[in-house]
Amino acid sequence: METPISKTELIVIGGSAGSLQVILEMIKNLDENLGFPVLLVVHRKAYSTSILPTLLQQFTLWKVIEVEDKTEIENNKIYIVPADYHLLFEDKKTMSLDSSEKMNYSRPSIDVTFKSAGETFGESVIGVLLSGANADGVEGLNYIRKNKGKVWIQNPGSAEVDYMPRQAFERVDYDLLIEPKDLAKHINKLATNK
């Protein structure tokens with residue numbers, strides 16, 4: 001059952017293998033003015049060229065931005081964590097990048113960003129975990145939950161690689177199990193400007 005949502009200030013989405021198709025489907029269907037930003041933490045090869053923002057931009061009216069150190073957070077924008085950096089929130093307005101050691105064999109680590117989002121945004125953040133091949137994100141979702149944020153998980157049965165969402169499904173108290181085709185619809189319902 002859906003829990004009533006306090007005002008949403010951030011949606012943070014983590015994914016790895018198999019998540020790109022879900023993300024593309026979502027951004028194509030996002031309403032134009034929701035009143036909050038969306039942040040994507042996607043496992044990518046270190047030093048991969050940044051074609052992801054260009055690719056995503058073709059599917060949405062939202063501005064897609066690859067985060068740089070000290071990027072300011074603005075509503076109705078999609079932010080992507082760059083390859084080979086962890087992302088942390090300094091406060092509700094500024095993001096910083098960090099190149100400390102990998103977590104769960106990953107940099108960016110979904111756990112690192114989810115924990116920072118939970119700490120900074122508390123009950124006004126929603127953490128979403130998609131398809132992937134390791135357990136990165138599970139601890140972070142538990143941390144978001146501990147800080148009263150909301151937790152959405154892709155239904156493992158619908159994931160191209162089900163290990164990551166299955167770990168979350170088994171180990172995290174979640175609010176919503178998402179089918180990929182419904183992700184944008186659930187996000188659009190949260191619009192703070194309606």
# chains A, B, ... in the order shown; residues from 1 in each chain; ligands from 1
$ residues_around --residues "stretch 85-87 of chain A" --least-positions-apart "3" --cutoff "8 Å" --atoms "only C-alpha atoms" --output "ChimeraX atom specification"
/A:81-82,95-100,107-109,112-113
$ select_by_dssp --residues "stretch 71-181 of chain A" --states "strand (DSSP E)" --output "ChimeraX atom specification"
/A:71-72,77-80,86-89,94-98,125-129,150-154,176-178
$ atom_distance --atom1 "atom CA of A:Lys7" --atom2 "atom CA of A:Lys150"
11.3 Å
$ residues_around --residues "stretch 55-59 of chain A" --least-positions-apart "3" --cutoff "7 Å" --atoms "only C-alpha atoms" --output "list in words"
Leu24, Ile27, Lys28, Ile51, Leu52, Lys63 and Val64 of chain A
$ write_last_selection --atoms "all heavy atoms" --output "PDB file, in the first residue's frame"
ATOM      1  N   LEU A  24      15.376   5.233 -19.295  1.00  0.00           N
ATOM      2  CA  LEU A  24      14.904   5.866 -20.531  1.00  0.00           C
ATOM      3  C   LEU A  24      13.384   5.908 -20.574  1.00  0.00           C
ATOM      4  O   LEU A  24      12.784   6.923 -20.926  1.00  0.00           O
ATOM      5  CB  LEU A  24      15.441   5.119 -21.759  1.00  0.00           C
ATOM      6  CG  LEU A  24      16.929   5.269 -22.045  1.00  0.00           C
ATOM      7  CD1 LEU A  24      17.361   4.355 -23.189  1.00  0.00           C
ATOM      8  CD2 LEU A  24      17.287   6.712 -22.368  1.00  0.00           C
ATOM      9  N   ILE A  27      12.200   8.690 -18.051  1.00  0.00           N
ATOM     10  CA  ILE A  27      12.383  10.108 -18.372  1.00  0.00           C
ATOM     11  C   ILE A  27      11.516  10.546 -19.548  1.00  0.00           C
ATOM     12  O   ILE A  27      11.126  11.703 -19.627  1.00  0.00           O
ATOM     13  CB  ILE A  27      13.869  10.492 -18.584  1.00  0.00           C
ATOM     14  CG1 ILE A  27      14.455   9.821 -19.803  1.00  0.00           C
ATOM     15  CG2 ILE A  27      14.693  10.212 -17.347  1.00  0.00           C
ATOM     16  CD1 ILE A  27      15.817  10.353 -20.164  1.00  0.00           C
ATOM     17  N   LYS A  28      11.179   9.606 -20.434  1.00  0.00           N
ATOM     18  CA  LYS A  28      10.288   9.944 -21.552  1.00  0.00           C
ATOM     19  C   LYS A  28       8.915  10.368 -21.056  1.00  0.00           C
ATOM     20  O   LYS A  28       8.214  11.108 -21.730  1.00  0.00           O
ATOM     21  CB  LYS A  28      10.096   8.717 -22.462  1.00  0.00           C
ATOM     22  CG  LYS A  28      11.208   8.501 -23.449  1.00  0.00           C
ATOM     23  CD  LYS A  28      10.793   7.499 -24.519  1.00  0.00           C
ATOM     24  CE  LYS A  28      10.962   6.077 -24.011  1.00  0.00           C
ATOM     25  NZ  LYS A  28      10.861   5.063 -25.068  1.00  0.00           N
ATOM     26  N   ILE A  51      28.700   9.963 -22.638  1.00  0.00           N
ATOM     27  CA  ILE A  51      27.627  10.057 -23.627  1.00  0.00           C
ATOM     28  C   ILE A  51      26.261   9.903 -22.967  1.00  0.00           C
ATOM     29  O   ILE A  51      25.246  10.206 -23.576  1.00  0.00           O
ATOM     30  CB  ILE A  51      27.771   8.998 -24.745  1.00  0.00           C
ATOM     31  CG1 ILE A  51      27.763   7.592 -24.147  1.00  0.00           C
ATOM     32  CG2 ILE A  51      29.018   9.230 -25.581  1.00  0.00           C
ATOM     33  CD1 ILE A  51      27.493   6.501 -25.164  1.00  0.00           C
ATOM     34  N   LEU A  52      26.248   9.454 -21.707  1.00  0.00           N
ATOM     35  CA  LEU A  52      24.960   9.215 -21.039  1.00  0.00           C
ATOM     36  C   LEU A  52      24.089  10.466 -20.971  1.00  0.00           C
ATOM     37  O   LEU A  52      22.914  10.411 -21.337  1.00  0.00           O
ATOM     38  CB  LEU A  52      25.184   8.599 -19.653  1.00  0.00           C
ATOM     39  CG  LEU A  52      23.935   8.063 -18.954  1.00  0.00           C
ATOM     40  CD1 LEU A  52      23.213   7.011 -19.791  1.00  0.00           C
ATOM     41  CD2 LEU A  52      24.298   7.483 -17.594  1.00  0.00           C
ATOM     42  N   LYS A  63      16.202  19.337 -18.363  1.00  0.00           N
ATOM     43  CA  LYS A  63      17.631  19.509 -18.652  1.00  0.00           C
ATOM     44  C   LYS A  63      18.390  18.400 -17.929  1.00  0.00           C
ATOM     45  O   LYS A  63      18.184  18.151 -16.748  1.00  0.00           O
ATOM     46  CB  LYS A  63      18.089  20.890 -18.176  1.00  0.00           C
ATOM     47  CG  LYS A  63      19.545  21.173 -18.463  1.00  0.00           C
ATOM     48  CD  LYS A  63      19.765  22.609 -18.895  1.00  0.00           C
ATOM     49  CE  LYS A  63      21.202  22.914 -19.205  1.00  0.00           C
ATOM     50  NZ  LYS A  63      21.784  22.123 -20.273  1.00  0.00           N
ATOM     51  N   VAL A  64      19.272  17.705 -18.664  1.00  0.00           N
ATOM     52  CA  VAL A  64      20.078  16.621 -18.096  1.00  0.00           C
ATOM     53  C   VAL A  64      21.495  17.135 -17.886  1.00  0.00           C
ATOM     54  O   VAL A  64      22.127  17.638 -18.809  1.00  0.00           O
ATOM     55  CB  VAL A  64      20.096  15.399 -19.039  1.00  0.00           C
ATOM     56  CG1 VAL A  64      20.963  14.288 -18.451  1.00  0.00           C
ATOM     57  CG2 VAL A  64      18.676  14.884 -19.293  1.00  0.00           C
TER      58      VAL A  64
END
$ residues_around --residues "stretch 20-22 of chain A" --least-positions-apart "5" --cutoff "12 Å" --atoms "only C-alpha atoms" --output "PyMOL selection string"
chain A and resi 13-15+27-29+40-44+52-53+55-56+59+128-132+154-155+158-161+178-184
$ closest_residue --among "A:Glu123, A:Leu190, A:Asp111, A:Ile11" --to "A:Ile78" --atoms "only C-alpha atoms"
A:Ile11
$ residues_around --residues "A:Tyr174" --least-positions-apart "3" --cutoff "9 Å" --atoms "only C-alpha atoms" --output "list of chain:residue names"
A:Leu141, A:Asn142, A:Arg145, A:Lys150, A:Val151, A:Trp152, A:Ile153, A:Ala168, A:Phe169, A:Leu177
$ closest_residue --among "A:Gly35, A:Gly157, A:Gly18, A:Gly149" --to "A:Thr120" --atoms "only C-alpha atoms"
A:Gly149
$ closest_residue --among "A:Ala191, A:Val125, A:Ala135, A:Ile144" --to "A:Arg171" --atoms "only C-alpha atoms"
A:Ala135
$ select_by_dssp --residues "stretch 9-165 of chain A" --states "alpha helix (DSSP H)" --output "mmCIF file with N, CA and C atoms, in the first residue's frame"
data_model
loop_
_atom_site.group_PDB
_atom_site.id
_atom_site.type_symbol
_atom_site.label_atom_id
_atom_site.label_comp_id
_atom_site.auth_asym_id
_atom_site.auth_seq_id
_atom_site.Cartn_x
_atom_site.Cartn_y
_atom_site.Cartn_z
ATOM 1 N N LEU A 20 19.351 0.898 -17.575
ATOM 2 C CA LEU A 20 19.258 2.011 -18.523
ATOM 3 C C LEU A 20 17.908 2.056 -19.233
ATOM 4 N N GLN A 21 17.388 0.902 -19.626
ATOM 5 C CA GLN A 21 16.098 0.869 -20.325
ATOM 6 C C GLN A 21 14.983 1.411 -19.427
ATOM 7 N N VAL A 22 15.041 1.082 -18.145
ATOM 8 C CA VAL A 22 14.037 1.564 -17.191
ATOM 9 C C VAL A 22 14.134 3.087 -17.066
ATOM 10 N N ILE A 23 15.369 3.587 -16.988
ATOM 11 C CA ILE A 23 15.585 5.038 -16.860
ATOM 12 C C ILE A 23 15.079 5.766 -18.103
ATOM 13 N N LEU A 24 15.376 5.233 -19.295
ATOM 14 C CA LEU A 24 14.904 5.866 -20.531
ATOM 15 C C LEU A 24 13.384 5.908 -20.574
ATOM 16 N N GLU A 25 12.758 4.818 -20.209
ATOM 17 C CA GLU A 25 11.289 4.754 -20.184
ATOM 18 C C GLU A 25 10.728 5.794 -19.215
ATOM 19 N N MET A 26 11.375 5.921 -18.060
ATOM 20 C CA MET A 26 10.904 6.877 -17.049
ATOM 21 C C MET A 26 11.014 8.309 -17.549
ATOM 22 N N ILE A 27 12.200 8.690 -18.051
ATOM 23 C CA ILE A 27 12.383 10.108 -18.372
ATOM 24 C C ILE A 27 11.516 10.546 -19.548
ATOM 25 N N LYS A 28 11.179 9.606 -20.434
ATOM 26 C CA LYS A 28 10.288 9.944 -21.552
ATOM 27 C C LYS A 28 8.915 10.368 -21.056
ATOM 28 N N LEU A 52 26.248 9.454 -21.707
ATOM 29 C CA LEU A 52 24.960 9.215 -21.039
ATOM 30 C C LEU A 52 24.089 10.466 -20.971
ATOM 31 N N PRO A 53 24.624 11.623 -20.543
ATOM 32 C CA PRO A 53 23.768 12.815 -20.512
ATOM 33 C C PRO A 53 23.201 13.162 -21.892
ATOM 34 N N THR A 54 24.022 13.050 -22.927
ATOM 35 C CA THR A 54 23.571 13.363 -24.286
ATOM 36 C C THR A 54 22.486 12.390 -24.722
ATOM 37 N N LEU A 55 22.684 11.111 -24.401
ATOM 38 C CA LEU A 55 21.691 10.097 -24.744
ATOM 39 C C LEU A 55 20.360 10.396 -24.048
ATOM 40 N N LEU A 56 20.398 10.621 -22.743
ATOM 41 C CA LEU A 56 19.167 10.852 -21.992
ATOM 42 C C LEU A 56 18.465 12.129 -22.439
ATOM 43 N N GLN A 57 19.248 13.145 -22.777
ATOM 44 C CA GLN A 57 18.663 14.437 -23.154
ATOM 45 C C GLN A 57 17.731 14.296 -24.368
ATOM 46 N N ILE A 110 26.103 3.596 -5.078
ATOM 47 C CA ILE A 110 24.716 3.976 -4.784
ATOM 48 C C ILE A 110 24.554 4.153 -3.279
ATOM 49 N N ASP A 111 25.157 3.243 -2.491
ATOM 50 C CA ASP A 111 25.051 3.344 -1.028
ATOM 51 C C ASP A 111 25.526 4.707 -0.521
ATOM 52 N N VAL A 112 26.673 5.166 -1.013
ATOM 53 C CA VAL A 112 27.246 6.437 -0.541
ATOM 54 C C VAL A 112 26.259 7.581 -0.794
ATOM 55 N N THR A 113 25.704 7.641 -2.004
ATOM 56 C CA THR A 113 24.790 8.738 -2.341
ATOM 57 C C THR A 113 23.462 8.603 -1.609
ATOM 58 N N PHE A 114 22.921 7.387 -1.525
ATOM 59 C CA PHE A 114 21.664 7.190 -0.792
ATOM 60 C C PHE A 114 21.811 7.594 0.674
ATOM 61 N N LYS A 115 22.940 7.208 1.299
ATOM 62 C CA LYS A 115 23.140 7.564 2.710
ATOM 63 C C LYS A 115 23.208 9.079 2.880
ATOM 64 N N SER A 116 23.946 9.737 1.994
ATOM 65 C CA SER A 116 24.067 11.192 2.069
ATOM 66 C C SER A 116 22.713 11.865 1.830
ATOM 67 N N ALA A 117 21.935 11.327 0.888
ATOM 68 C CA ALA A 117 20.596 11.874 0.613
ATOM 69 C C ALA A 117 19.677 11.690 1.821
ATOM 70 N N GLY A 118 19.752 10.509 2.446
ATOM 71 C CA GLY A 118 18.920 10.250 3.625
ATOM 72 C C GLY A 118 19.252 11.200 4.759
ATOM 73 N N GLU A 119 20.542 11.415 4.958
ATOM 74 C CA GLU A 119 21.007 12.313 6.016
ATOM 75 C C GLU A 119 20.575 13.754 5.754
ATOM 76 N N THR A 120 20.676 14.186 4.492
ATOM 77 C CA THR A 120 20.429 15.587 4.143
ATOM 78 C C THR A 120 18.951 15.901 3.978
ATOM 79 N N PHE A 121 18.201 14.987 3.352
ATOM 80 C CA PHE A 121 16.814 15.292 2.994
ATOM 81 C C PHE A 121 15.785 14.622 3.903
ATOM 82 N N VAL A 138 21.506 -1.335 -1.124
ATOM 83 C CA VAL A 138 20.673 -1.925 -0.073
ATOM 84 C C VAL A 138 20.886 -1.206 1.261
ATOM 85 N N GLU A 139 22.153 -1.045 1.657
ATOM 86 C CA GLU A 139 22.438 -0.318 2.908
ATOM 87 C C GLU A 139 21.923 1.109 2.834
ATOM 88 N N GLY A 140 22.104 1.729 1.672
ATOM 89 C CA GLY A 140 21.659 3.105 1.490
ATOM 90 C C GLY A 140 20.157 3.244 1.619
ATOM 91 N N LEU A 141 19.411 2.275 1.060
ATOM 92 C CA LEU A 141 17.949 2.308 1.202
ATOM 93 C C LEU A 141 17.552 2.162 2.667
ATOM 94 N N ASN A 142 18.232 1.270 3.390
ATOM 95 C CA ASN A 142 17.926 1.119 4.821
ATOM 96 C C ASN A 142 18.192 2.421 5.572
ATOM 97 N N TYR A 143 19.216 3.127 5.155
ATOM 98 C CA TYR A 143 19.554 4.406 5.788
ATOM 99 C C TYR A 143 18.489 5.458 5.478
ATOM 100 N N ILE A 144 18.027 5.502 4.221
ATOM 101 C CA ILE A 144 16.937 6.429 3.857
ATOM 102 C C ILE A 144 15.709 6.118 4.707
ATOM 103 N N ARG A 145 15.389 4.835 4.820
ATOM 104 C CA ARG A 145 14.233 4.417 5.633
ATOM 105 C C ARG A 145 14.415 4.852 7.092
ATOM 106 N N LYS A 146 15.617 4.656 7.639
ATOM 107 C CA LYS A 146 15.898 5.031 9.030
ATOM 108 C C LYS A 146 15.698 6.525 9.261
ATOM 109 N N TYR A 163 19.541 -9.326 -9.271
ATOM 110 C CA TYR A 163 20.241 -9.491 -7.994
ATOM 111 C C TYR A 163 20.076 -8.267 -7.081
ATOM 112 N N MET A 164 20.301 -7.082 -7.622
ATOM 113 C CA MET A 164 20.262 -5.865 -6.805
ATOM 114 C C MET A 164 18.859 -5.611 -6.227
ATOM 115 N N PRO A 165 17.809 -5.563 -7.061
ATOM 116 C CA PRO A 165 16.489 -5.340 -6.466
ATOM 117 C C PRO A 165 16.028 -6.499 -5.576
#
$ closest_residue --among "A:Glu74, A:Asp69, A:Ser106, A:Ile126" --to "A:Glu90" --atoms "only C-alpha atoms"
A:Asp69
$ decode --residues "stretch 8-24 of chain A" --atoms "C-alpha atoms" --output "compact mmCIF listing (two decimals), in the first residue's frame"
# COMPACT_ATOMS: atom_id res chain seq x y z
CA THR A 8 9.19 15.52 -2.02
CA GLU A 9 12.41 17.47 -2.42
CA LEU A 10 14.50 14.84 -4.22
CA ILE A 11 14.17 11.52 -6.05
CA VAL A 12 17.45 9.60 -6.10
CA ILE A 13 17.61 6.57 -8.38
CA GLY A 14 20.32 3.91 -8.31
CA GLY A 15 20.89 1.29 -10.97
CA SER A 16 23.45 -0.91 -12.60
CA ALA A 17 23.29 -3.60 -15.28
CA GLY A 18 19.88 -3.58 -16.93
CA SER A 19 18.73 -0.24 -15.50
CA LEU A 20 19.26 2.01 -18.52
CA GLN A 21 16.10 0.87 -20.33
CA VAL A 22 14.04 1.56 -17.19
CA ILE A 23 15.59 5.04 -16.86
CA LEU A 24 14.90 5.87 -20.53
